[in-house]
Structures are given as C-alpha cells and as structure tokens.
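Asker: Data: model17.cif, mmCIF, C-alpha atoms and all ligand atoms.
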```
data_work
#
loop_
_atom_site.group_PDB
_atom_site.id
_atom_site.type_symbol
_atom_site.label_atom_id
_atom_site.label_comp_id
_atom_site.auth_asym_id
_atom_site.auth_seq_id
_atom_site.Cartn_x
_atom_site.Cartn_y
_atom_site.Cartn_z
ATOM 1 C CA MET A 1 -28.399 -73.974 0.487
ATOM 2 C CA THR A 2 -30.966 -71.374 1.405
ATOM 3 C CA LEU A 3 -32.471 -69.351 -1.402
ATOM 4 C CA LEU A 4 -31.601 -65.692 -1.688
ATOM 5 C CA THR A 5 -34.654 -63.601 -0.878
ATOM 6 C CA PHE A 6 -35.476 -60.166 -2.274
ATOM 7 C CA ARG A 7 -38.399 -57.896 -1.604
ATOM 8 C CA PHE A 8 -40.120 -54.863 -3.020
ATOM 9 C CA ALA A 9 -41.824 -52.909 -0.243
ATOM 10 C CA PRO A 10 -44.000 -50.022 -1.439
ATOM 11 C CA SER A 11 -46.268 -47.881 0.737
ATOM 12 C CA PRO A 12 -49.833 -47.497 -0.526
ATOM 13 C CA ASN A 13 -49.963 -43.771 0.193
ATOM 14 C CA GLY A 14 -49.929 -42.754 -3.461
ATOM 15 C CA LYS A 15 -49.509 -44.105 -6.960
ATOM 16 C CA LEU A 16 -46.426 -45.896 -8.201
ATOM 17 C CA HIS A 17 -44.130 -43.991 -10.549
ATOM 18 C CA LEU A 18 -41.132 -44.785 -12.725
ATOM 19 C CA GLY A 19 -38.821 -44.868 -9.701
ATOM 20 C CA HIS A 20 -40.888 -47.663 -8.161
ATOM 21 C CA ALA A 21 -40.959 -49.491 -11.490
ATOM 22 C CA TYR A 22 -37.163 -49.421 -11.611
ATOM 23 C CA SER A 23 -36.839 -50.696 -8.046
ATOM 24 C CA ALA A 24 -39.403 -53.460 -8.519
ATOM 25 C CA LEU A 25 -37.959 -54.614 -11.845
ATOM 26 C CA LEU A 26 -34.406 -54.546 -10.519
ATOM 27 C CA ASN A 27 -35.436 -56.695 -7.551
ATOM 28 C CA GLN A 28 -37.141 -59.034 -9.986
ATOM 29 C CA ARG A 29 -34.044 -59.257 -12.164
ATOM 30 C CA MET A 30 -31.637 -59.815 -9.292
ATOM 31 C CA ALA A 31 -33.911 -62.469 -7.779
ATOM 32 C CA ALA A 32 -34.208 -64.240 -11.131
ATOM 33 C CA GLN A 33 -30.450 -64.137 -11.712
ATOM 34 C CA ALA A 34 -29.827 -65.601 -8.285
ATOM 35 C CA GLY A 35 -32.561 -68.206 -8.697
ATOM 36 C CA GLY A 36 -34.056 -66.659 -5.554
ATOM 37 C CA ARG A 37 -37.404 -65.538 -4.206
ATOM 38 C CA LEU A 38 -39.195 -62.262 -4.694
ATOM 39 C CA LEU A 39 -41.588 -60.991 -2.028
ATOM 40 C CA LEU A 40 -43.937 -58.061 -2.137
ATOM 41 C CA ARG A 41 -44.602 -56.293 1.151
ATOM 42 C CA ILE A 42 -47.187 -53.606 1.686
ATOM 43 C CA GLU A 43 -45.834 -50.996 4.108
ATOM 44 C CA ASP A 44 -49.046 -49.450 5.329
ATOM 45 C CA ILE A 45 -48.384 -48.565 8.968
ATOM 46 C CA ASP A 46 -49.459 -44.988 8.302
ATOM 47 C CA VAL A 47 -53.140 -45.840 8.473
ATOM 48 C CA THR A 48 -54.214 -42.260 7.816
ATOM 49 C CA ARG A 49 -52.402 -41.896 4.482
ATOM 50 C CA CYS A 50 -52.502 -45.463 3.158
ATOM 51 C CA THR A 51 -55.689 -46.605 1.410
ATOM 52 C CA PRO A 52 -57.025 -49.872 -0.079
ATOM 53 C CA GLU A 53 -57.445 -48.027 -3.405
ATOM 54 C CA PHE A 54 -53.740 -47.206 -3.602
ATOM 55 C CA GLU A 55 -52.946 -50.794 -2.647
ATOM 56 C CA THR A 56 -55.141 -52.134 -5.462
ATOM 57 C CA GLY A 57 -53.397 -49.720 -7.825
ATOM 58 C CA ILE A 58 -50.001 -51.088 -6.744
ATOM 59 C CA PHE A 59 -51.029 -54.677 -7.504
ATOM 60 C CA ARG A 60 -52.455 -53.659 -10.857
ATOM 61 C CA ASP A 61 -49.358 -51.680 -11.886
ATOM 62 C CA LEU A 62 -46.936 -54.397 -10.809
ATOM 63 C CA GLU A 63 -48.891 -57.141 -12.558
ATOM 64 C CA TRP A 64 -48.995 -55.038 -15.696
ATOM 65 C CA LEU A 65 -45.218 -54.611 -15.490
ATOM 66 C CA GLY A 66 -44.880 -58.375 -15.399
ATOM 67 C CA LEU A 67 -43.831 -58.725 -11.785
ATOM 68 C CA ARG A 68 -44.686 -61.973 -9.990
ATOM 69 C CA TRP A 69 -44.351 -62.438 -6.271
ATOM 70 C CA GLU A 70 -45.070 -64.988 -3.566
ATOM 71 C CA GLU A 71 -48.427 -65.108 -1.812
ATOM 72 C CA PRO A 72 -49.591 -64.255 0.771
ATOM 73 C CA VAL A 73 -48.408 -60.667 0.649
ATOM 74 C CA ARG A 74 -47.414 -59.334 4.055
ATOM 75 C CA ARG A 75 -49.351 -56.228 4.991
ATOM 76 C CA GLN A 76 -47.724 -54.390 7.882
ATOM 77 C CA SER A 77 -50.972 -53.023 9.298
ATOM 78 C CA GLU A 78 -51.951 -56.613 10.150
ATOM 79 C CA HIS A 79 -48.927 -57.126 12.392
ATOM 80 C CA PHE A 80 -49.054 -54.356 14.967
ATOM 81 C CA ALA A 81 -49.002 -56.895 17.819
ATOM 82 C CA GLU A 82 -45.610 -58.182 16.649
ATOM 83 C CA TYR A 83 -44.191 -54.679 16.418
ATOM 84 C CA GLN A 84 -45.591 -53.922 19.867
ATOM 85 C CA ALA A 85 -43.733 -56.922 21.305
ATOM 86 C CA ALA A 86 -40.431 -55.654 19.886
ATOM 87 C CA LEU A 87 -41.190 -52.149 21.107
ATOM 88 C CA ASP A 88 -41.904 -53.488 24.600
ATOM 89 C CA ARG A 89 -38.480 -55.055 24.612
ATOM 90 C CA LEU A 90 -36.812 -51.777 23.609
ATOM 91 C CA ILE A 91 -38.798 -49.979 26.322
ATOM 92 C CA ALA A 92 -37.830 -52.540 28.958
ATOM 93 C CA GLU A 93 -34.168 -52.233 28.003
ATOM 94 C CA GLU A 94 -34.414 -48.427 28.029
ATOM 95 C CA SER A 95 -33.201 -48.170 24.463
ATOM 96 C CA VAL A 96 -36.130 -45.833 23.766
ATOM 97 C CA TYR A 97 -37.639 -42.991 25.751
ATOM 98 C CA PRO A 98 -40.909 -41.081 25.521
ATOM 99 C CA ALA A 99 -40.310 -37.795 23.692
ATOM 100 C CA PHE A 100 -42.865 -35.132 24.468
ATOM 101 C CA MET A 101 -41.761 -32.078 22.506
ATOM 102 C CA SER A 102 -44.102 -30.795 19.836
ATOM 103 C CA ARG A 103 -42.706 -29.394 16.588
ATOM 104 C CA GLY A 104 -43.172 -25.875 17.895
ATOM 105 C CA GLU A 105 -41.362 -26.685 21.129
ATOM 106 C CA ILE A 106 -38.474 -28.229 19.220
ATOM 107 C CA ARG A 107 -38.182 -25.137 17.061
ATOM 108 C CA ALA A 108 -38.256 -22.815 20.059
ATOM 109 C CA PHE A 109 -35.734 -24.923 21.975
ATOM 110 C CA ILE A 110 -33.297 -24.838 19.075
ATOM 111 C CA ALA A 111 -33.830 -21.154 18.332
ATOM 112 C CA GLU A 112 -32.965 -20.314 21.949
ATOM 113 C CA ARG A 113 -29.668 -22.101 21.545
ATOM 114 C CA GLY A 114 -28.337 -20.450 18.463
ATOM 115 C CA GLY A 115 -30.487 -22.219 15.877
ATOM 116 C CA ARG A 116 -28.324 -22.144 12.755
ATOM 117 C CA ASP A 117 -25.510 -24.324 14.042
ATOM 118 C CA TRP A 118 -27.824 -26.974 15.455
ATOM 119 C CA PRO A 119 -26.926 -30.373 13.932
ATOM 120 C CA ARG A 120 -29.257 -31.643 11.220
ATOM 121 C CA ASP A 121 -30.083 -35.064 9.826
ATOM 122 C CA PRO A 122 -29.325 -36.061 6.193
ATOM 123 C CA ASP A 123 -32.725 -34.628 5.178
ATOM 124 C CA GLY A 124 -31.830 -31.278 6.746
ATOM 125 C CA VAL A 125 -34.194 -31.629 9.701
ATOM 126 C CA PRO A 126 -32.733 -30.466 13.048
ATOM 127 C CA LEU A 127 -31.891 -33.362 15.364
ATOM 128 C CA TYR A 128 -34.215 -33.921 18.299
ATOM 129 C CA PRO A 129 -33.024 -32.004 21.363
ATOM 130 C CA PRO A 130 -31.577 -34.082 24.218
ATOM 131 C CA PHE A 131 -34.084 -32.555 26.634
ATOM 132 C CA ASP A 132 -36.566 -35.386 27.254
ATOM 133 C CA LYS A 133 -33.794 -37.876 27.731
ATOM 134 C CA ALA A 134 -32.781 -35.971 30.810
ATOM 135 C CA LEU A 135 -36.239 -35.880 32.410
ATOM 136 C CA SER A 136 -36.456 -37.490 35.813
ATOM 137 C CA ALA A 137 -38.287 -40.803 36.049
ATOM 138 C CA ARG A 138 -40.880 -39.044 38.165
ATOM 139 C CA GLU A 139 -41.535 -36.279 35.670
ATOM 140 C CA ARG A 140 -41.764 -38.809 32.872
ATOM 141 C CA LYS A 141 -44.305 -40.833 34.830
ATOM 142 C CA ARG A 142 -46.329 -37.761 35.595
ATOM 143 C CA ARG A 143 -46.548 -36.745 31.943
ATOM 144 C CA LEU A 144 -47.471 -40.244 30.833
ATOM 145 C CA ALA A 145 -50.168 -40.406 33.508
ATOM 146 C CA GLU A 146 -51.506 -37.057 32.291
ATOM 147 C CA ASN A 147 -51.682 -38.337 28.726
ATOM 148 C CA VAL A 148 -49.273 -35.768 27.347
ATOM 149 C CA PRO A 149 -48.757 -36.706 23.661
ATOM 150 C CA PHE A 150 -45.430 -38.379 22.953
ATOM 151 C CA ALA A 151 -43.497 -40.612 20.557
ATOM 152 C CA TRP A 152 -40.969 -43.315 21.438
ATOM 153 C CA ARG A 153 -37.520 -42.196 20.335
ATOM 154 C CA LEU A 154 -34.409 -44.300 20.092
ATOM 155 C CA ASP A 155 -31.724 -43.247 22.554
ATOM 156 C CA VAL A 156 -28.997 -43.727 19.955
ATOM 157 C CA GLU A 157 -26.116 -42.938 22.289
ATOM 158 C CA ALA A 158 -27.262 -45.154 25.163
ATOM 159 C CA ALA A 159 -28.363 -47.950 22.848
ATOM 160 C CA THR A 160 -25.056 -47.961 20.982
ATOM 161 C CA ALA A 161 -23.117 -47.920 24.250
ATOM 162 C CA ARG A 162 -25.099 -50.943 25.393
ATOM 163 C CA LEU A 163 -23.798 -53.096 22.534
ATOM 164 C CA THR A 164 -20.879 -54.696 24.297
ATOM 165 C CA ALA A 165 -19.250 -55.858 21.083
ATOM 166 C CA GLY A 166 -19.871 -52.461 19.480
ATOM 167 C CA LEU A 167 -21.993 -51.565 16.505
ATOM 168 C CA SER A 168 -21.476 -54.013 13.631
ATOM 169 C CA TRP A 169 -20.649 -52.830 10.160
ATOM 170 C CA LEU A 170 -23.068 -52.995 7.286
ATOM 171 C CA GLU A 171 -22.534 -55.217 4.300
ATOM 172 C CA PHE A 172 -23.177 -53.634 0.970
ATOM 173 C CA THR A 173 -23.143 -55.419 -2.316
ATOM 174 C CA ASP A 174 -23.610 -54.367 -5.925
ATOM 175 C CA GLU A 175 -25.968 -55.212 -8.718
ATOM 176 C CA THR A 176 -24.070 -58.351 -9.673
ATOM 177 C CA MET A 177 -23.698 -59.452 -6.027
ATOM 178 C CA SER A 178 -20.173 -60.532 -6.863
ATOM 179 C CA ALA A 179 -18.478 -58.656 -4.042
ATOM 180 C CA THR A 180 -19.390 -57.188 -0.688
ATOM 181 C CA ARG A 181 -18.051 -54.137 1.005
ATOM 182 C CA ALA A 182 -18.203 -53.394 4.723
ATOM 183 C CA VAL A 183 -19.448 -49.938 5.617
ATOM 184 C CA GLU A 184 -19.496 -48.430 9.079
ATOM 185 C CA ALA A 185 -23.047 -47.951 10.362
ATOM 186 C CA GLN A 186 -23.719 -44.370 11.439
ATOM 187 C CA PRO A 187 -27.050 -44.287 13.229
ATOM 188 C CA GLN A 188 -26.150 -41.026 14.956
ATOM 189 C CA ALA A 189 -26.628 -39.152 11.663
ATOM 190 C CA TRP A 190 -30.376 -39.128 12.342
ATOM 191 C CA GLY A 191 -30.229 -38.352 16.036
ATOM 192 C CA ASP A 192 -32.853 -39.953 18.238
ATOM 193 C CA VAL A 193 -35.268 -41.178 15.551
ATOM 194 C CA ILE A 194 -38.895 -42.035 16.243
ATOM 195 C CA VAL A 195 -39.297 -45.782 16.722
ATOM 196 C CA ALA A 196 -43.005 -45.827 17.500
ATOM 197 C CA ARG A 197 -45.881 -43.470 18.108
ATOM 198 C CA ARG A 198 -48.305 -43.459 20.949
ATOM 199 C CA ASP A 199 -51.138 -44.798 18.788
ATOM 200 C CA ILE A 200 -49.078 -46.845 16.285
ATOM 201 C CA PRO A 201 -46.607 -49.225 17.980
ATOM 202 C CA THR A 202 -44.021 -48.936 15.213
ATOM 203 C CA SER A 203 -42.324 -46.711 12.658
ATOM 204 C CA TYR A 204 -40.844 -47.284 9.228
ATOM 205 C CA HIS A 205 -37.448 -48.283 10.706
ATOM 206 C CA LEU A 206 -38.785 -50.715 13.292
ATOM 207 C CA ALA A 207 -41.284 -52.452 10.988
ATOM 208 C CA VAL A 208 -38.764 -52.764 8.166
ATOM 209 C CA VAL A 209 -36.053 -54.472 10.238
ATOM 210 C CA LEU A 210 -38.519 -56.823 11.901
ATOM 211 C CA ASP A 211 -40.156 -57.802 8.627
ATOM 212 C CA ASP A 212 -36.914 -58.206 6.707
ATOM 213 C CA ALA A 213 -35.688 -60.600 9.402
ATOM 214 C CA LEU A 214 -38.976 -62.419 9.820
ATOM 215 C CA GLN A 215 -39.377 -62.930 6.082
ATOM 216 C CA GLY A 216 -35.793 -64.137 5.713
ATOM 217 C CA VAL A 217 -34.854 -61.311 3.349
ATOM 218 C CA SER A 218 -31.223 -61.815 2.371
ATOM 219 C CA HIS A 219 -30.875 -58.790 0.059
ATOM 220 C CA VAL A 220 -32.460 -55.399 0.504
ATOM 221 C CA VAL A 221 -32.428 -53.669 -2.872
ATOM 222 C CA ARG A 222 -33.883 -50.159 -2.683
ATOM 223 C CA GLY A 223 -33.249 -46.574 -3.701
ATOM 224 C CA GLN A 224 -30.236 -44.469 -2.836
ATOM 225 C CA ASP A 225 -32.558 -42.171 -0.883
ATOM 226 C CA LEU A 226 -32.674 -44.797 1.880
ATOM 227 C CA TYR A 227 -28.896 -45.262 2.061
ATOM 228 C CA SER A 228 -28.376 -43.327 5.259
ATOM 229 C CA ALA A 229 -31.387 -44.952 6.944
ATOM 230 C CA THR A 230 -29.417 -48.178 6.930
ATOM 231 C CA GLY A 231 -27.313 -47.137 9.930
ATOM 232 C CA VAL A 232 -30.374 -46.747 12.162
ATOM 233 C CA GLN A 233 -31.714 -50.046 10.904
ATOM 234 C CA ARG A 234 -28.424 -51.780 11.713
ATOM 235 C CA LEU A 235 -28.589 -50.510 15.284
ATOM 236 C CA LEU A 236 -32.166 -51.727 15.693
ATOM 237 C CA GLN A 237 -31.237 -55.127 14.279
ATOM 238 C CA GLN A 238 -28.510 -55.522 16.843
ATOM 239 C CA LEU A 239 -30.665 -54.363 19.744
ATOM 240 C CA LEU A 240 -33.332 -56.882 18.748
ATOM 241 C CA GLY A 241 -30.927 -59.701 17.899
ATOM 242 C CA LEU A 242 -31.973 -59.858 14.240
ATOM 243 C CA SER A 243 -29.655 -61.156 11.563
ATOM 244 C CA PRO A 244 -28.921 -58.450 8.999
ATOM 245 C CA PRO A 245 -29.477 -58.657 5.239
ATOM 246 C CA ARG A 246 -27.056 -57.335 2.655
ATOM 247 C CA TYR A 247 -27.845 -54.020 1.036
ATOM 248 C CA PHE A 248 -27.745 -52.562 -2.417
ATOM 249 C CA HIS A 249 -28.961 -49.006 -2.904
ATOM 250 C CA HIS A 250 -29.680 -48.325 -6.524
ATOM 251 C CA ARG A 251 -29.609 -45.074 -8.494
ATOM 252 C CA LEU A 252 -32.733 -42.955 -8.433
ATOM 253 C CA ILE A 253 -34.835 -42.246 -11.472
ATOM 254 C CA LEU A 254 -35.052 -38.477 -11.672
ATOM 255 C CA GLY A 255 -37.685 -36.277 -13.271
ATOM 256 C CA ALA A 256 -37.052 -34.036 -16.283
ATOM 257 C CA ASP A 257 -36.044 -31.332 -13.780
ATOM 258 C CA ARG A 258 -33.386 -33.706 -12.301
ATOM 259 C CA ARG A 259 -35.333 -33.904 -9.076
ATOM 260 C CA LYS A 260 -36.467 -36.978 -7.234
ATOM 261 C CA LEU A 261 -39.837 -38.263 -8.443
ATOM 262 C CA SER A 262 -42.705 -37.924 -6.048
ATOM 263 C CA LYS A 263 -45.999 -39.719 -5.831
ATOM 264 C CA SER A 264 -47.803 -36.551 -6.850
ATOM 265 C CA PHE A 265 -46.027 -36.157 -10.231
ATOM 266 C CA LYS A 266 -48.705 -37.166 -12.672
ATOM 267 C CA ASP A 267 -46.568 -37.522 -15.799
ATOM 268 C CA THR A 268 -44.378 -40.307 -14.395
ATOM 269 C CA GLY A 269 -47.145 -42.332 -12.748
ATOM 270 C CA LEU A 270 -47.331 -45.896 -14.064
ATOM 271 C CA ALA A 271 -51.120 -45.885 -14.415
ATOM 272 C CA ALA A 272 -50.987 -42.635 -16.382
ATOM 273 C CA LEU A 273 -48.242 -43.976 -18.661
ATOM 274 C CA ARG A 274 -50.262 -47.131 -19.242
ATOM 275 C CA GLU A 275 -53.375 -45.139 -20.057
ATOM 276 C CA ALA A 276 -51.338 -43.038 -22.457
ATOM 277 C CA GLY A 277 -50.608 -46.221 -24.402
ATOM 278 C CA MET A 278 -47.170 -47.179 -23.098
ATOM 279 C CA SER A 279 -46.194 -50.831 -22.862
ATOM 280 C CA PRO A 280 -44.286 -52.490 -20.010
ATOM 281 C CA GLN A 281 -41.376 -52.745 -22.433
ATOM 282 C CA ASP A 282 -41.463 -48.964 -22.953
ATOM 283 C CA VAL A 283 -41.284 -48.525 -19.171
ATOM 284 C CA ARG A 284 -38.255 -50.818 -18.960
ATOM 285 C CA GLN A 285 -36.558 -48.787 -21.615
ATOM 286 C CA LEU A 286 -37.410 -45.523 -19.938
ATOM 287 C CA VAL A 287 -35.746 -46.616 -16.711
ATOM 288 C CA GLY A 288 -32.815 -48.225 -18.498
ATOM 289 C CA LEU A 289 -33.474 -51.876 -17.805
HETATM 290 N N1 LIG B 301 -41.787 -48.522 2.100
HETATM 291 C C1 LIG B 301 -40.654 -47.759 1.726
HETATM 292 C C2 LIG B 301 -41.010 -46.796 0.605
HETATM 293 O O1 LIG B 301 -42.089 -46.773 0.145
HETATM 294 C C3 LIG B 301 -39.478 -48.606 1.280
HETATM 295 C C4 LIG B 301 -38.874 -49.363 2.374
HETATM 296 C C5 LIG B 301 -37.597 -50.110 2.082
HETATM 297 O O2 LIG B 301 -37.380 -50.551 0.932
HETATM 298 O O3 LIG B 301 -36.824 -50.313 3.000
HETATM 299 O O4 LIG B 301 -40.201 -46.031 0.182
#
```
Using the file provided, produce a representation of the structure as structure tokens.

Answerer:
Amino acid sequence: MTLLTFRFAPSPNGKLHLGHAYSALLNQRMAAQAGGRLLLRIEDIDVTRCTPEFETGIFRDLEWLGLRWEEPVRRQSEHFAEYQAALDRLIAEESVYPAFMSRGEIRAFIAERGGRDWPRDPDGVPLYPPFDKALSARERKRRLAENVPFAWRLDVEAATARLTAGLSWLEFTDETMSATRAVEAQPQAWGDVIVARRDIPTSYHLAVVLDDALQGVSHVVRGQDLYSATGVQRLLQQLLGLSPPRYFHHRLILGADRRKLSKSFKDTGLAALREAGMSPQDVRQLVGL
C-alpha cells in the first residue's frame, strides 16, 4: 500500500502567521493519523518578492511549532526547467496563448464595452478579454518578434473542449478522510488565467499541479481561500496527464476584525507571538487544534 502524502507549501514572501500555523499543524495531524508522509515545499517562483530571509524564518517558525518534514525540501525556484517543459507542451498543443494586454488596456477594453456587467473572477477581478485569442497567427508572430511584453494564458474554453472524455470531477474529502465527495470542476470561473510569464516559465497554478504530482501528494490540505483555484488546477492536471490528489480546504483563521489574515499583520505573526512569550501549545490553542 502506498503511503498517504501531505504537504505544506508556503511562499517565502512574508512571515508566517496564525493561519499558516493552523494549515501546517492540520497537515501534520492528518499525516500522523494516516501514518503518512509530510512534505514541506517552498513556493518561491516569484523571485522578486521571495527572499532567503523569509525562507529561513519559515523553517524557524515551523521547527518551533514542532513540525517535522522530509528532506530535501523542494524549492520551486530550482525547477524552472521542469516547468518550462510542461509549458512547452501546453504551447505546442495550443492550450495557452500569448496575452499582450497591459492592465490599462484591459481596463479600457472593458470600459468601452459597458464595464459594470463584465464577468469577474471569484476575487472580483474582471476576466481577461477574449481579444488576444482572436489575433491572427501572423499578428501574434509579429508581436512576439517585436518583443511586446506578454504572459501565457490558458485558453480555458479550447482546452476544455479538447478533453475528449470531458473535464473530470474533483474529489474532496474531509478532516477525517472517511468519505469523499465529487465536485464539478469549474475552471471557467477564473477566465483565461496566467499559466506562465515571459521571464518566469510558470505560475502558481502550473507549479503546484506539477509538484503535487511529481512529489506523489495524495492529499492537498489548504485554506478555503484556494477552494475555487482547484477547478483550474484540475484542468491543468488533465491537460498534462497528471493524476489528481484529493482535496480538503480548511476553515480560515480570521483576525479580530473577522478579516483574512495577511502577511503584513504584525500581531498574528508567529515570530512576534514567540517573542512575546507564547509557547507552541498556546498557538495550537489559539487556532483551535
Ligand atoms: N503557496 C501557496 C500559499 O502560500 C499555497 C499553495 C497551495 O497550498 O496549493 O498560499
């Protein structure tokens, strides 16, 4: 029997807070209960915002909390060549297209067409206009040759249509992993998401599905805020022939103002709580574990 595999996958672009502590400890608990593995993955593809100092802080905070994980730790910035290979496949299959519109151009395009009623993604951001998709091959070539800035966007409609057996459903489980529930994947909620940038051959979605598959992750346990991202990730998994994990999206730890914690909130940062004299046990209690 293969071992169940869990992972905690923080981005070193800030300090860990109580929400991360909850996610990490829950992964640890579920892995322990299943007699499974726990991996730590550093999601540092955003090389401008991620720093070695934040990464060191993550290790220190997690060790202090009592988390143990397998070595070596996978650091995404060391695997760009693998992401590039997957991207090349998506390009060759025309599942992605170069999208040239700047933020200003997107805004203007939408404003010209009525603005308010334009469909938005679950974060409230207007969906990317279908303009670049319709560019002629010649025009596309010309822009690429002229080095016009662009990002690779997933052609959700075309890519979904290409799946002859249709888009598979997602399997969700719960904290006890006693039952699973099939949920329809809805990648279209995000429109044509960015899959890679011109200078970075990946994006959060692409790197996460490749790594989860490559590392044999059987259970993705992460915050509710990533629930709707799962549909896009399911589509990418199918396009790339990757076997999907099961998902559990846990409750979010909210701040005193009932809002989602952010990496800039000082009072809920793990390092700050530690320096204020809190123990790992106090943190567990605070997050209800
Ligand atoms: N790296 C992501 C974050 O910091 C989490 C990715 C995931 O769990 O799928 O929120």

Asker: In terms of the shortest atom-to-atom distance over only C-alpha atoms and all ligand atoms, which of A:Leu127, A:Val209, A:Ile106, A:Ala272 is closest to ligand LIG 301 (chain B)?

Answerer: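 Closest residue, counting only C-alpha atoms and all ligand atoms: A:Val209.
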
Asker: What do you get, as a PyMOL selection string, if you spell out every residue that the PyMOL selection byres (((not hetatm)) within 6 of (chain B and resi 301)) selects here?

Answerer: chain A and resi 9-11+43+222

Asker: Which value, in Å to one decimal, gives the distance between atom CA of Asp199 of chain A and atom CA of Tyr97 of chain A?

Answerer: 15.3 Å

Asker: Could you tell me which residues the PyMOL selection byres (((chain A and resi 197) around 10) and not hetatm) returns for this structure, as a PyMOL selection string?

Answerer: chain A and resi 98-99+149-153+194-196+198-203

Asker: Considering all atoms listed in the file, state which residue in the set A:His219, A:Arg143, A:His205, A:Arg284 is at the smallest distance from Leu87 of chain A.

Answerer: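 Once distances to Leu87 of chain A are computed over all atoms listed in the file, the minimum belongs to A:His205.
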
Asker: Any chance you could resolve the PyMOL selection byres (((chain A and resi 245) around 6) and not hetatm) against this file and give the residues as a PyMOL selection string?

Answerer: chain A and resi 218-219+244+246

Asker: Generate a file of the selected residues that holds C-alpha atoms, formatted as a short mmCIF file (atom, residue, chain, number, x, y, z; two decimals), in the coordinates of the input.

Answerer:
```
data_model
loop_
_atom_site.label_atom_id
_atom_site.label_comp_id
_atom_site.auth_asym_id
_atom_site.auth_seq_id
_atom_site.Cartn_x
_atom_site.Cartn_y
_atom_site.Cartn_z
CA SER A 218 -31.22 -61.82 2.37
CA HIS A 219 -30.88 -58.79 0.06
CA PRO A 244 -28.92 -58.45 9.00
CA ARG A 246 -27.06 -57.34 2.66
#
```

Asker: In Å to one decimal, how far is atom CA of Leu26 of chain A from atom CA of Ala213 of chain A?

Answerer: 20.9 Å

Asker: Residues at most 12 Å from Ala134 of chain A, counting all atoms listed in the file, excluding those fewer than 4 positions away in the same chain, as a list in words?

Answerer: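 After dropping sequence-adjacent residues, the list is Tyr97, Pro98, Ala99, Phe100, Pro129, Pro130, Arg138, Glu139, Arg140 and Asp155 of chain A.
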
Asker: Which residue, A:Asp46, A:Glu184, A:Glu94, A:Asp61, has the smallest gap to Ala21 of chain A when you use only C-alpha atoms?

Answerer: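 That would be A:Asp61, the residue with the smallest distance to Ala21 of chain A.
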
Asker: Enclose the full set of atoms of segment 183-199 of chain A listed in the file within a box whose edges lie along x, y and z, apply 6 Å of padding to each of the six sides, and report centre and edge lengths in Å to one decimal as JSON.

Answerer:
```
{"center_x": -35.3, "center_y": -44.1, "center_z": 13.3, "size_x": 43.7, "size_y": 23.6, "size_z": 27.3}
```
